[in-house]
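Undergrad: Below is the file final.txt, with compact mmCIF, C-alpha atoms and all ligand atoms.
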# COMPACT_ATOMS: atom_id res chain seq x y z
CA MET A 1 23.78 -73.63 6.61
CA GLY A 2 22.19 -75.45 9.57
CA ASN A 3 22.03 -72.22 11.60
CA GLN A 4 20.04 -70.40 8.99
CA MET A 5 17.37 -73.06 8.80
CA GLU A 6 13.81 -72.18 9.74
CA LEU A 7 12.29 -74.11 12.61
CA LEU A 8 8.88 -75.55 11.88
CA GLU A 9 5.97 -73.33 12.90
CA ILE A 10 2.29 -74.15 12.67
CA ASN A 11 1.27 -70.73 11.37
CA LEU A 12 3.91 -70.71 8.66
CA ILE A 13 2.95 -74.22 7.56
CA ARG A 14 -0.74 -73.29 7.49
CA LYS A 15 -0.01 -70.33 5.21
CA HIS A 16 0.77 -72.82 2.47
CA LEU A 17 -2.24 -75.08 2.92
CA SER A 18 -4.85 -74.78 0.22
CA ALA A 19 -8.43 -73.85 1.11
CA SER A 20 -9.62 -77.39 0.43
CA ASN A 21 -7.24 -78.64 3.10
CA SER A 22 -8.58 -76.49 5.86
CA LYS A 23 -9.98 -79.74 7.31
CA LEU A 24 -6.43 -80.47 8.36
CA GLU A 25 -6.97 -79.02 11.78
CA LYS A 26 -4.75 -81.18 13.89
CA ILE A 27 -1.05 -80.61 13.38
CA ILE A 28 1.43 -81.33 16.17
CA ILE A 29 5.07 -80.22 16.09
CA LEU A 30 7.41 -81.98 18.49
CA GLU A 31 10.91 -80.83 19.32
CA GLU A 32 12.11 -84.41 19.66
CA THR A 33 10.58 -87.87 19.67
CA SER A 34 11.73 -91.42 19.09
CA SER A 35 9.86 -91.68 15.79
CA THR A 36 6.83 -89.72 14.58
CA ASN A 37 5.30 -93.01 13.40
CA ASP A 38 5.71 -94.47 16.89
CA TYR A 39 4.37 -91.30 18.47
CA LEU A 40 1.10 -91.63 16.54
CA LEU A 41 0.94 -95.41 16.94
CA GLN A 42 1.25 -95.04 20.71
CA GLN A 43 -1.67 -92.63 21.13
CA SER A 44 -5.01 -94.26 21.72
CA LEU A 45 -6.82 -92.42 19.01
CA SER A 46 -10.44 -92.72 18.14
CA PHE A 47 -12.01 -92.66 14.70
CA ASP A 48 -12.61 -88.90 14.85
CA ASP A 49 -9.01 -87.99 15.65
CA VAL A 50 -8.02 -88.19 12.01
CA PRO A 51 -6.57 -86.72 9.92
CA LEU A 52 -3.81 -85.95 12.36
CA VAL A 53 -0.30 -84.85 11.44
CA CYS A 54 2.82 -84.99 13.57
CA PHE A 55 6.15 -83.36 12.68
CA ALA A 56 9.33 -83.66 14.73
CA GLU A 57 12.46 -81.54 14.53
CA LYS A 58 14.49 -84.55 15.57
CA GLN A 59 13.95 -88.32 15.87
CA THR A 60 16.11 -90.39 18.16
CA ALA A 61 14.98 -93.71 16.70
CA GLY A 62 13.68 -92.87 13.21
CA ARG A 63 12.73 -96.02 11.35
CA GLY A 64 12.89 -96.98 7.70
CA ARG A 65 11.60 -99.94 5.73
CA LEU A 66 13.06 -103.42 6.14
CA GLY A 67 14.15 -102.76 9.72
CA ARG A 68 16.55 -99.98 8.73
CA SER A 69 17.02 -96.84 10.76
CA TRP A 70 16.35 -93.34 9.42
CA TYR A 71 18.97 -90.80 10.38
CA SER A 72 17.09 -87.79 11.76
CA PRO A 73 19.27 -84.86 12.91
CA TYR A 74 17.71 -81.74 14.47
CA ALA A 75 16.04 -79.12 12.24
CA GLN A 76 17.69 -80.21 9.02
CA ASN A 77 15.08 -82.34 7.35
CA ILE A 78 11.37 -83.07 7.47
CA TYR A 79 10.06 -86.00 9.47
CA LEU A 80 6.31 -86.26 9.43
CA SER A 81 3.62 -88.81 10.09
CA PHE A 82 0.06 -88.60 8.96
CA LEU A 83 -2.78 -90.62 10.48
CA TRP A 84 -5.71 -91.69 8.34
CA ASN A 85 -8.64 -94.13 8.59
CA PHE A 86 -9.55 -96.44 5.73
CA ASN A 87 -12.56 -98.58 5.11
CA LYS A 88 -10.47 -101.01 3.07
CA LYS A 89 -8.97 -104.45 3.51
CA ALA A 90 -5.32 -104.70 4.55
CA ASN A 91 -4.22 -105.96 1.13
CA GLU A 92 -5.90 -103.00 -0.57
CA LEU A 93 -3.64 -100.65 1.38
CA PHE A 94 -0.47 -102.02 -0.21
CA GLY A 95 -0.66 -99.39 -2.96
CA LEU A 96 -1.00 -96.54 -0.46
CA SER A 97 2.75 -96.08 -0.03
CA MET A 98 3.15 -95.68 -3.81
CA VAL A 99 0.42 -93.06 -3.88
CA VAL A 100 2.19 -91.26 -1.04
CA ALA A 101 5.44 -91.33 -3.04
CA LEU A 102 3.58 -89.70 -5.95
CA ALA A 103 2.23 -87.04 -3.60
CA VAL A 104 5.77 -86.29 -2.40
CA VAL A 105 7.02 -85.98 -5.99
CA THR A 106 4.17 -83.60 -6.83
CA ALA A 107 4.91 -81.47 -3.75
CA LEU A 108 8.59 -81.30 -4.70
CA LYS A 109 7.58 -80.16 -8.18
CA ASP A 110 5.32 -77.54 -6.60
CA TYR A 111 8.40 -76.35 -4.72
CA GLY A 112 10.27 -75.96 -8.01
CA ILE A 113 12.21 -79.21 -8.48
CA LYS A 114 10.95 -79.81 -11.99
CA ILE A 115 13.47 -82.30 -13.32
CA GLY A 116 15.41 -85.31 -12.11
CA LEU A 117 12.77 -86.83 -9.81
CA THR A 118 12.03 -90.53 -10.16
CA LEU A 119 10.48 -93.30 -8.08
CA LYS A 120 12.06 -96.55 -7.04
CA TRP A 121 9.56 -99.27 -6.12
CA PRO A 122 7.89 -99.46 -3.74
CA ASN A 123 8.22 -95.89 -2.51
CA ASP A 124 11.64 -94.28 -2.61
CA VAL A 125 11.72 -90.78 -4.05
CA MET A 126 14.97 -90.29 -5.94
CA TRP A 127 16.70 -87.34 -7.55
CA GLN A 128 19.25 -88.29 -10.17
CA ASN A 129 19.41 -91.79 -8.71
CA ARG A 130 20.08 -90.58 -5.19
CA LYS A 131 17.54 -90.99 -2.42
CA LEU A 132 15.73 -87.80 -1.46
CA ALA A 133 12.75 -89.13 0.51
CA GLY A 134 11.53 -92.37 2.04
CA ILE A 135 8.08 -93.52 3.13
CA LEU A 136 7.04 -95.95 5.83
CA VAL A 137 3.35 -96.86 6.04
CA GLU A 138 2.20 -98.89 9.03
CA THR A 139 -1.35 -100.07 9.63
CA VAL A 140 -3.34 -100.98 12.70
CA SER A 141 -6.64 -102.86 12.57
CA ARG A 142 -9.36 -101.14 14.55
CA ALA A 143 -12.85 -102.49 15.27
CA ASP A 144 -14.28 -102.02 11.79
CA TYR A 145 -11.70 -99.99 9.93
CA LEU A 146 -7.97 -99.76 9.31
CA GLN A 147 -5.87 -96.96 10.66
CA ALA A 148 -2.73 -96.12 8.69
CA VAL A 149 0.25 -94.14 9.89
CA ILE A 150 1.96 -92.68 6.85
CA GLY A 151 5.54 -91.64 7.64
CA VAL A 152 7.56 -89.42 5.31
CA GLY A 153 11.22 -88.55 5.73
CA LEU A 154 12.51 -85.89 3.34
CA ASN A 155 16.13 -84.74 3.23
CA VAL A 156 16.08 -80.95 3.22
CA SER A 157 19.40 -79.45 4.21
CA MET A 158 21.49 -82.31 5.54
CA GLU A 159 25.01 -82.02 4.20
CA GLN A 160 27.06 -84.88 2.79
CA ARG A 161 30.05 -84.51 5.07
CA ASN A 162 30.18 -86.19 8.47
CA ILE A 163 27.31 -88.57 7.89
CA PRO A 164 28.66 -92.10 7.94
CA GLU A 165 25.29 -93.41 9.22
CA ILE A 166 23.75 -93.49 5.76
CA ASN A 167 25.01 -96.33 3.62
CA GLN A 168 23.32 -95.49 0.36
CA SER A 169 23.67 -92.66 -2.07
CA TRP A 170 21.44 -89.74 -1.06
CA THR A 171 20.79 -86.08 -1.69
CA ALA A 172 18.90 -83.22 -0.05
CA ILE A 173 16.84 -80.29 -1.35
CA ALA A 174 19.56 -77.74 -0.47
CA GLU A 175 22.01 -79.62 -2.66
CA ILE A 176 19.54 -79.68 -5.54
CA ILE A 177 18.38 -76.06 -5.47
CA LYS A 178 21.69 -74.67 -4.19
CA ALA A 179 19.91 -72.36 -1.76
CA ILE A 180 18.52 -72.51 1.75
CA PRO A 181 15.21 -74.37 1.58
CA GLU A 182 12.09 -72.98 3.22
CA ARG A 183 11.09 -75.84 5.47
CA ASN A 184 7.68 -74.50 6.45
CA LYS A 185 6.70 -73.96 2.84
CA ILE A 186 7.89 -77.44 1.88
CA ALA A 187 5.97 -78.90 4.84
CA GLY A 188 2.77 -77.10 3.77
CA LEU A 189 3.12 -78.17 0.14
CA LEU A 190 3.69 -81.75 1.28
CA LEU A 191 0.56 -81.76 3.43
CA ASN A 192 -1.53 -80.35 0.58
CA GLN A 193 -0.52 -83.07 -1.81
CA LEU A 194 -0.63 -85.85 0.79
CA PHE A 195 -4.14 -84.88 1.76
CA ASP A 196 -5.37 -84.72 -1.84
CA TYR A 197 -3.66 -87.91 -3.02
CA VAL A 198 -4.71 -89.97 -0.01
CA THR A 199 -8.31 -88.72 -0.27
CA PHE A 200 -8.37 -89.73 -3.94
CA PHE A 201 -6.82 -93.11 -3.16
CA GLN A 202 -9.45 -93.67 -0.46
CA GLU A 203 -12.17 -93.14 -3.07
CA LYS A 204 -10.67 -94.75 -6.17
CA GLY A 205 -7.87 -97.14 -5.17
CA LEU A 206 -4.50 -97.48 -6.86
CA GLU A 207 -5.74 -98.03 -10.40
CA VAL A 208 -6.20 -94.33 -11.20
CA PHE A 209 -2.56 -93.63 -10.30
CA LEU A 210 -0.92 -96.24 -12.53
CA ALA A 211 -0.21 -93.91 -15.46
CA GLU A 212 1.35 -91.36 -13.13
CA TRP A 213 3.49 -94.05 -11.52
CA GLN A 214 4.74 -95.07 -14.99
CA ARG A 215 5.73 -91.48 -15.71
CA TYR A 216 8.10 -91.38 -12.72
CA ASP A 217 9.14 -95.04 -12.54
CA GLY A 218 12.94 -94.85 -12.66
CA TYR A 219 13.24 -98.52 -13.62
CA LEU A 220 10.59 -98.83 -16.30
CA ASN A 221 12.05 -100.96 -19.12
CA LYS A 222 15.46 -100.96 -17.44
CA GLU A 223 17.49 -103.97 -16.50
CA LEU A 224 17.80 -104.16 -12.73
CA ILE A 225 18.86 -106.37 -9.86
CA PHE A 226 16.13 -107.28 -7.37
CA MET A 227 16.56 -108.77 -3.91
CA ASP A 228 13.83 -111.30 -3.08
CA ASN A 229 14.60 -112.38 0.51
CA ASP A 230 18.23 -113.32 0.06
CA LYS A 231 17.98 -114.22 -3.62
CA LYS A 232 19.23 -111.86 -6.32
CA ILE A 233 17.05 -111.72 -9.42
CA VAL A 234 17.90 -109.97 -12.66
CA GLY A 235 15.00 -108.61 -14.66
CA VAL A 236 13.63 -105.74 -16.67
CA GLY A 237 11.23 -103.40 -14.84
CA ARG A 238 7.71 -103.47 -16.26
CA GLY A 239 6.07 -101.11 -13.80
CA ILE A 240 3.44 -102.11 -11.25
CA ASP A 241 0.06 -103.87 -11.47
CA SER A 242 -3.20 -102.58 -10.04
CA THR A 243 -2.36 -104.02 -6.60
CA GLY A 244 1.01 -102.27 -6.48
CA ALA A 245 3.10 -105.40 -7.08
CA LEU A 246 6.34 -104.85 -8.98
CA LEU A 247 6.40 -106.52 -12.40
CA LEU A 248 9.72 -107.89 -13.62
CA ALA A 249 10.40 -109.52 -16.97
CA THR A 250 12.83 -112.33 -16.11
CA ALA A 251 14.29 -115.32 -17.92
CA ASN A 252 11.25 -117.23 -16.55
CA GLY A 253 8.68 -114.76 -17.81
CA ILE A 254 6.91 -111.94 -16.01
CA ARG A 255 7.12 -112.24 -12.22
CA LYS A 256 5.24 -110.22 -9.59
CA PHE A 257 6.71 -109.12 -6.27
CA CYS A 258 4.93 -107.69 -3.25
CA SER A 259 8.00 -107.52 -1.03
CA GLY A 260 11.72 -107.22 -1.53
CA ALA A 261 13.80 -104.36 -2.86
CA ILE A 262 15.39 -103.07 -6.04
CA LEU A 263 19.15 -103.05 -5.50
CA GLY A 264 19.92 -100.95 -8.55
CA ASP A 265 20.76 -101.02 -12.24
CA LYS A 266 22.26 -104.18 -13.63
C1 LIG A 301 12.52 -95.76 4.08
O1 LIG A 301 12.89 -95.23 3.04
O2 LIG A 301 13.06 -96.80 4.49
C2 LIG A 301 11.41 -95.11 4.86
C3 LIG A 301 11.89 -93.98 5.71
C4 LIG A 301 10.75 -93.31 6.48
C5 LIG A 301 11.25 -92.26 7.44
C6 LIG A 301 10.13 -91.49 8.07
S1 LIG A 301 10.69 -90.08 8.99
C7 LIG A 301 9.10 -89.86 9.67
C8 LIG A 301 8.57 -91.24 9.99
N1 LIG A 301 9.05 -91.67 11.30
C9 LIG A 301 9.86 -92.73 11.22
O3 LIG A 301 10.40 -93.28 12.19
N2 LIG A 301 10.00 -93.11 9.94
C10 LIG A 301 9.24 -92.25 9.04
Show the structure stored in the file as structure tokens.
Ligand code: BTN

TA:
Amino acid sequence: MGNQMELLEINLIRKHLSASNSKLEKIIILEETSSTNDYLLQQSLSFDDVPLVCFAEKQTAGRGRLGRSWYSPYAQNIYLSFLWNFNKKANELFGLSMVVALAVVTALKDYGIKIGLTLKWPNDVMWQNRKLAGILVETVSRADYLQAVIGVGLNVSMEQRNIPEINQSWTAIAEIIKAIPERNKIAGLLLNQLFDYVTFFQEKGLEVFLAEWQRYDGYLNKELIFMDNDKKIVGVGRGIDSTGALLLATANGIRKFCSGAILGDK
């Protein structure tokens, strides 16, 4: 299947951008880089350089959350980073990664994956409990604004065999739709939704997305195990608050978490 995959091409991606996203002028496609997040973080970019998007066909040091690595073989998946400026405080950007996860879900629905998609706090996109996409947002403080690099890794046609590097249960679009995915179309649909969601978040904050988060929250009202540093906590998911903190109903009442990870169902 790998051989039949489309390589990323600017013109093909642009074909799928909506008219309102014509402002998205700067799109870079790299054959190979260490990490698209690092690539953007290493440029000395000025305020006017954004929005700027960078795709890579391959990453040699793709990074995930919590110091994990992100396996990034050539031309099989989508690895993209998106640079954006915010006139917000650092703590107000916590919810951004959840908004990005919602944008990814919406783009996947646009592509035709209508059922089975859920979100795992803070920003894993799951399909039938298997990880389909991950998001890594990193911020840099500039003189009087914050610059965010929004990284998205989406499994497109990676196959299950021969991949010992990934130690969690995962899936890819090809496995879901049982056909060869159109990478350029998926990339365009992703950019459309990312641009719209992030613009709306910039204006309104996380609050306006809470109902949508609830709709896709895979752990809402479910008993789960949570890892807080090295402590395991059992609780029932109660969604997120307006700052993006995870709410858990525990034996000691409702607790809020801004870091840590959901391990899975109890
Ligand atoms: C996670 O689920 O832990 C986040 C994974 C984020 C991976 C993407 S791929 C594009 C961008 N570049 C990176 O090095 N990481 C992000």

Undergrad: Taking all atoms listed in the file into account, produce a table as JSON lines in which each residue of range 48-151 of chain A with an atom at most 10 Å from an atom of range 235-257 of chain A appears once, together with its shortest atom pair and the distance in Å to one decimal, ordered by chain and rising number.

TA:
{"residue": "A:Asn91", "atom": "CA", "partner": "A:Thr243", "partner_atom": "CA", "distance": 8.2}
{"residue": "A:Glu92", "atom": "CA", "partner": "A:Thr243", "partner_atom": "CA", "distance": 7.1}
{"residue": "A:Leu93", "atom": "CA", "partner": "A:Thr243", "partner_atom": "CA", "distance": 8.8}
{"residue": "A:Phe94", "atom": "CA", "partner": "A:Gly244", "partner_atom": "CA", "distance": 6.4}
{"residue": "A:Gly95", "atom": "CA", "partner": "A:Gly244", "partner_atom": "CA", "distance": 4.8}
{"residue": "A:Leu96", "atom": "CA", "partner": "A:Gly244", "partner_atom": "CA", "distance": 8.6}
{"residue": "A:Ser97", "atom": "CA", "partner": "A:Gly244", "partner_atom": "CA", "distance": 9.1}
{"residue": "A:Met98", "atom": "CA", "partner": "A:Gly244", "partner_atom": "CA", "distance": 7.4}
{"residue": "A:Val99", "atom": "CA", "partner": "A:Gly244", "partner_atom": "CA", "distance": 9.6}
{"residue": "A:Trp121", "atom": "CA", "partner": "A:Leu246", "partner_atom": "CA", "distance": 7.0}
{"residue": "A:Pro122", "atom": "CA", "partner": "A:Leu246", "partner_atom": "CA", "distance": 7.7}

Undergrad: Could the residues that lie within 9 Å of ligand LIG 301 (chain A), counting only C-alpha atoms and all ligand atoms, be listed as JSON, numbers by chain?

TA: {"A": [34, 35, 36, 37, 38, 39, 54, 55, 56, 59, 60, 61, 62, 63, 64, 65, 66, 67, 68, 69, 70, 71, 72, 78, 79, 80, 81, 82, 123, 124, 125, 131, 133, 134, 135, 136, 137, 149, 150, 151, 152, 153, 154]}

Undergrad: Counting all atoms listed in the file, figure out which residue out of A:Glu138, A:Glu212, A:Asp230, A:Glu57 gets nearest to Leu41 in chain A.

TA: A:Glu138

Undergrad: Ranking A:Leu40, A:Val100, A:Met5, A:Ile176 by minimum distance to Gln128 in chain A and counting only C-alpha atoms, which one comes first?

TA: A:Ile176

Undergrad: Which residues, written as a ChimeraX atom specification, have at least one atom at most 12 Å from Leu146 in chain A, with all atoms listed in the file counted and residues fewer than 3 positions away on the same chain left out?

TA: /A:46-47,50,83-93,138-143,149,202

Undergrad: Need the neighbours of (20.3, -97.0, -9.7): which residues are at most 10 Å away, counting all atoms listed in the file, as a PDB file with C-alpha atoms, in the coordinates of the input?

TA:
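Printed below is point.pdb as written:
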ATOM      1  CA  LYS A 120      12.060 -96.550  -7.040  1.00  0.00           C
ATOM      2  CA  MET A 126      14.970 -90.290  -5.940  1.00  0.00           C
ATOM      3  CA  GLN A 128      19.250 -88.290 -10.170  1.00  0.00           C
ATOM      4  CA  ASN A 129      19.410 -91.790  -8.710  1.00  0.00           C
ATOM      5  CA  ARG A 130      20.080 -90.580  -5.190  1.00  0.00           C
ATOM      6  CA  LYS A 131      17.540 -90.990  -2.420  1.00  0.00           C
ATOM      7  CA  SER A 169      23.670 -92.660  -2.070  1.00  0.00           C
ATOM      8  CA  GLY A 218      12.940 -94.850 -12.660  1.00  0.00           C
ATOM      9  CA  TYR A 219      13.240 -98.520 -13.620  1.00  0.00           C
ATOM     10  CA  LYS A 222      15.460-100.960 -17.440  1.00  0.00           C
ATOM     11  CA  LEU A 224      17.800-104.160 -12.730  1.00  0.00           C
ATOM     12  CA  ILE A 225      18.860-106.370  -9.860  1.00  0.00           C
ATOM     13  CA  ILE A 262      15.390-103.070  -6.040  1.00  0.00           C
ATOM     14  CA  LEU A 263      19.150-103.050  -5.500  1.00  0.00           C
ATOM     15  CA  GLY A 264      19.920-100.950  -8.550  1.00  0.00           C
ATOM     16  CA  ASP A 265      20.760-101.020 -12.240  1.00  0.00           C
ATOM     17  CA  LYS A 266      22.260-104.180 -13.630  1.00  0.00           C
TER      18      LYS A 266
END

Undergrad: Give as a list in words the set of residues within 10 Å of the point (21.8, -77.6, -0.5), where distances use the file's coordinates and only C-alpha atoms.

TA: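 Result, sorted by chain then residue number: Met1, Asn155, Val156, Ser157, Met158, Glu159, Gln160, Thr171, Ala172, Ile173, Ala174, Glu175, Ile176, Ile177, Lys178, Ala179, Ile180 and Pro181 of chain A.
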
Undergrad: Keeping only C-alpha atoms, write those residues as an mmCIF file, keeping the file's coordinate frame.

TA:
data_model
loop_
_atom_site.group_PDB
_atom_site.id
_atom_site.type_symbol
_atom_site.label_atom_id
_atom_site.label_comp_id
_atom_site.auth_asym_id
_atom_site.auth_seq_id
_atom_site.Cartn_x
_atom_site.Cartn_y
_atom_site.Cartn_z
ATOM 1 C CA MET A 1 23.780 -73.630 6.610
ATOM 2 C CA ASN A 155 16.130 -84.740 3.230
ATOM 3 C CA VAL A 156 16.080 -80.950 3.220
ATOM 4 C CA SER A 157 19.400 -79.450 4.210
ATOM 5 C CA MET A 158 21.490 -82.310 5.540
ATOM 6 C CA GLU A 159 25.010 -82.020 4.200
ATOM 7 C CA GLN A 160 27.060 -84.880 2.790
ATOM 8 C CA THR A 171 20.790 -86.080 -1.690
ATOM 9 C CA ALA A 172 18.900 -83.220 -0.050
ATOM 10 C CA ILE A 173 16.840 -80.290 -1.350
ATOM 11 C CA ALA A 174 19.560 -77.740 -0.470
ATOM 12 C CA GLU A 175 22.010 -79.620 -2.660
ATOM 13 C CA ILE A 176 19.540 -79.680 -5.540
ATOM 14 C CA ILE A 177 18.380 -76.060 -5.470
ATOM 15 C CA LYS A 178 21.690 -74.670 -4.190
ATOM 16 C CA ALA A 179 19.910 -72.360 -1.760
ATOM 17 C CA ILE A 180 18.520 -72.510 1.750
ATOM 18 C CA PRO A 181 15.210 -74.370 1.580
#

Undergrad: Report as a list in words all protein, DNA and RNA residues lying within 8 Å of Ile186 in chain A, evaluated on only C-alpha atoms, omitting residues in the same chain fewer than 5 positions from it.

TA: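 With the cut-off at 8 Å, the set is Ala107, Leu108, Tyr111 and Pro181 of chain A.
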
Undergrad: Using only C-alpha atoms, which of the listed residues (A:Gln147, A:Lys231, A:Ser18, A:Ile29) sits closest to Ser44 in chain A?

TA: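 Once distances to Ser44 in chain A are computed over only C-alpha atoms, the minimum belongs to A:Gln147.
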
Undergrad: Calculated over all atoms listed in the file, which of the candidates A:Asn184, A:Ala261, A:Ala103, A:Leu45 has the smallest distance to Asn11 in chain A?

TA: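 Closest to Asn11 in chain A of all the choices is A:Asn184.
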
Undergrad: Could you check how far CA of Lys26 in chain A sits from CA of Ala187 in chain A, in Å to one decimal?

TA: 14.2 Å

Undergrad: Would you mind reading off the distance between CA of Ile13 in chain A and CA of Gly112 in chain A, one decimal, in Å?

TA: 17.3 Å

Undergrad: Given only C-alpha atoms as the basis, pick out the residue of A:Ser259, A:Lys185, A:Gln214, A:Glu31 nearest to Lys15 in chain A.

TA: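 Looking only at the distances to Lys15 in chain A, the closest residue turns out to be A:Lys185.
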
Undergrad: CA of Leu119 in chain A to CA of Arg215 in chain A: how many Å, to one decimal?

TA: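 Result for CA of Leu119 in chain A versus CA of Arg215 in chain A: 9.2 Å, one decimal.
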
Undergrad: Nearest to Leu194 in chain A among A:His16, A:Asn229, A:Val104, A:Leu210, with distances taken over all atoms listed in the file: which residue is it?

TA: A:Val104

Undergrad: For range 115-122 of chain A, supply all heavy atoms and format the output as an mmCIF file, in the frame of the given file.

TA:
data_model
loop_
_atom_site.group_PDB
_atom_site.id
_atom_site.type_symbol
_atom_site.label_atom_id
_atom_site.label_comp_id
_atom_site.auth_asym_id
_atom_site.auth_seq_id
_atom_site.Cartn_x
_atom_site.Cartn_y
_atom_site.Cartn_z
ATOM 1 N N ILE A 115 12.873 -81.178 -12.598
ATOM 2 C CA ILE A 115 13.470 -82.300 -13.320
ATOM 3 C C ILE A 115 14.311 -83.181 -12.397
ATOM 4 O O ILE A 115 14.745 -82.744 -11.337
ATOM 5 C CB ILE A 115 14.345 -81.847 -14.526
ATOM 6 C CG1 ILE A 115 15.339 -80.788 -14.055
ATOM 7 C CG2 ILE A 115 13.495 -81.326 -15.674
ATOM 8 C CD1 ILE A 115 16.389 -80.473 -15.095
ATOM 9 N N GLY A 116 14.505 -84.416 -12.835
ATOM 10 C CA GLY A 116 15.410 -85.310 -12.110
ATOM 11 C C GLY A 116 14.741 -86.213 -11.096
ATOM 12 O O GLY A 116 15.382 -87.093 -10.535
ATOM 13 N N LEU A 117 13.444 -86.015 -10.823
ATOM 14 C CA LEU A 117 12.770 -86.830 -9.810
ATOM 15 C C LEU A 117 12.266 -88.137 -10.411
ATOM 16 O O LEU A 117 11.607 -88.133 -11.456
ATOM 17 C CB LEU A 117 11.573 -86.058 -9.240
ATOM 18 C CG LEU A 117 11.905 -84.838 -8.385
ATOM 19 C CD1 LEU A 117 10.651 -83.987 -8.166
ATOM 20 C CD2 LEU A 117 12.495 -85.265 -7.040
ATOM 21 N N THR A 118 12.572 -89.242 -9.734
ATOM 22 C CA THR A 118 12.030 -90.530 -10.160
ATOM 23 C C THR A 118 11.614 -91.319 -8.917
ATOM 24 O O THR A 118 11.966 -90.960 -7.793
ATOM 25 C CB THR A 118 13.066 -91.391 -10.935
ATOM 26 O OG1 THR A 118 14.212 -91.569 -10.114
ATOM 27 C CG2 THR A 118 13.438 -90.775 -12.266
ATOM 28 N N LEU A 119 10.902 -92.429 -9.170
ATOM 29 C CA LEU A 119 10.480 -93.300 -8.080
ATOM 30 C C LEU A 119 11.141 -94.658 -8.219
ATOM 31 O O LEU A 119 11.339 -95.157 -9.328
ATOM 32 C CB LEU A 119 8.959 -93.474 -8.114
ATOM 33 C CG LEU A 119 8.193 -92.194 -7.793
ATOM 34 C CD1 LEU A 119 6.723 -92.367 -8.098
ATOM 35 C CD2 LEU A 119 8.403 -91.816 -6.339
ATOM 36 N N LYS A 120 11.480 -95.206 -7.074
ATOM 37 C CA LYS A 120 12.060 -96.550 -7.040
ATOM 38 C C LYS A 120 11.114 -97.397 -6.205
ATOM 39 O O LYS A 120 10.881 -97.090 -5.029
ATOM 40 C CB LYS A 120 13.445 -96.454 -6.387
ATOM 41 C CG LYS A 120 14.173 -97.745 -6.267
ATOM 42 C CD LYS A 120 15.565 -97.453 -5.718
ATOM 43 C CE LYS A 120 16.289 -98.716 -5.358
ATOM 44 N NZ LYS A 120 17.546 -98.410 -4.668
ATOM 45 N N TRP A 121 10.558 -98.432 -6.806
ATOM 46 C CA TRP A 121 9.560 -99.270 -6.120
ATOM 47 C C TRP A 121 10.096 -99.772 -4.785
ATOM 48 O O TRP A 121 11.262 -100.156 -4.725
ATOM 49 C CB TRP A 121 9.211 -100.444 -7.040
ATOM 50 C CG TRP A 121 8.131 -101.327 -6.504
ATOM 51 C CD1 TRP A 121 6.809 -101.217 -6.738
ATOM 52 C CD2 TRP A 121 8.294 -102.471 -5.665
ATOM 53 N NE1 TRP A 121 6.133 -102.196 -6.081
ATOM 54 C CE2 TRP A 121 7.025 -102.986 -5.407
ATOM 55 C CE3 TRP A 121 9.399 -103.110 -5.070
ATOM 56 C CZ2 TRP A 121 6.815 -104.112 -4.612
ATOM 57 C CZ3 TRP A 121 9.191 -104.218 -4.272
ATOM 58 C CH2 TRP A 121 7.914 -104.704 -4.055
ATOM 59 N N PRO A 122 9.292 -99.856 -3.706
ATOM 60 C CA PRO A 122 7.890 -99.460 -3.740
ATOM 61 C C PRO A 122 7.660 -97.958 -3.523
ATOM 62 O O PRO A 122 6.657 -97.448 -3.988
ATOM 63 C CB PRO A 122 7.266 -100.248 -2.584
ATOM 64 C CG PRO A 122 8.403 -100.468 -1.630
ATOM 65 C CD PRO A 122 9.654 -100.550 -2.456
#
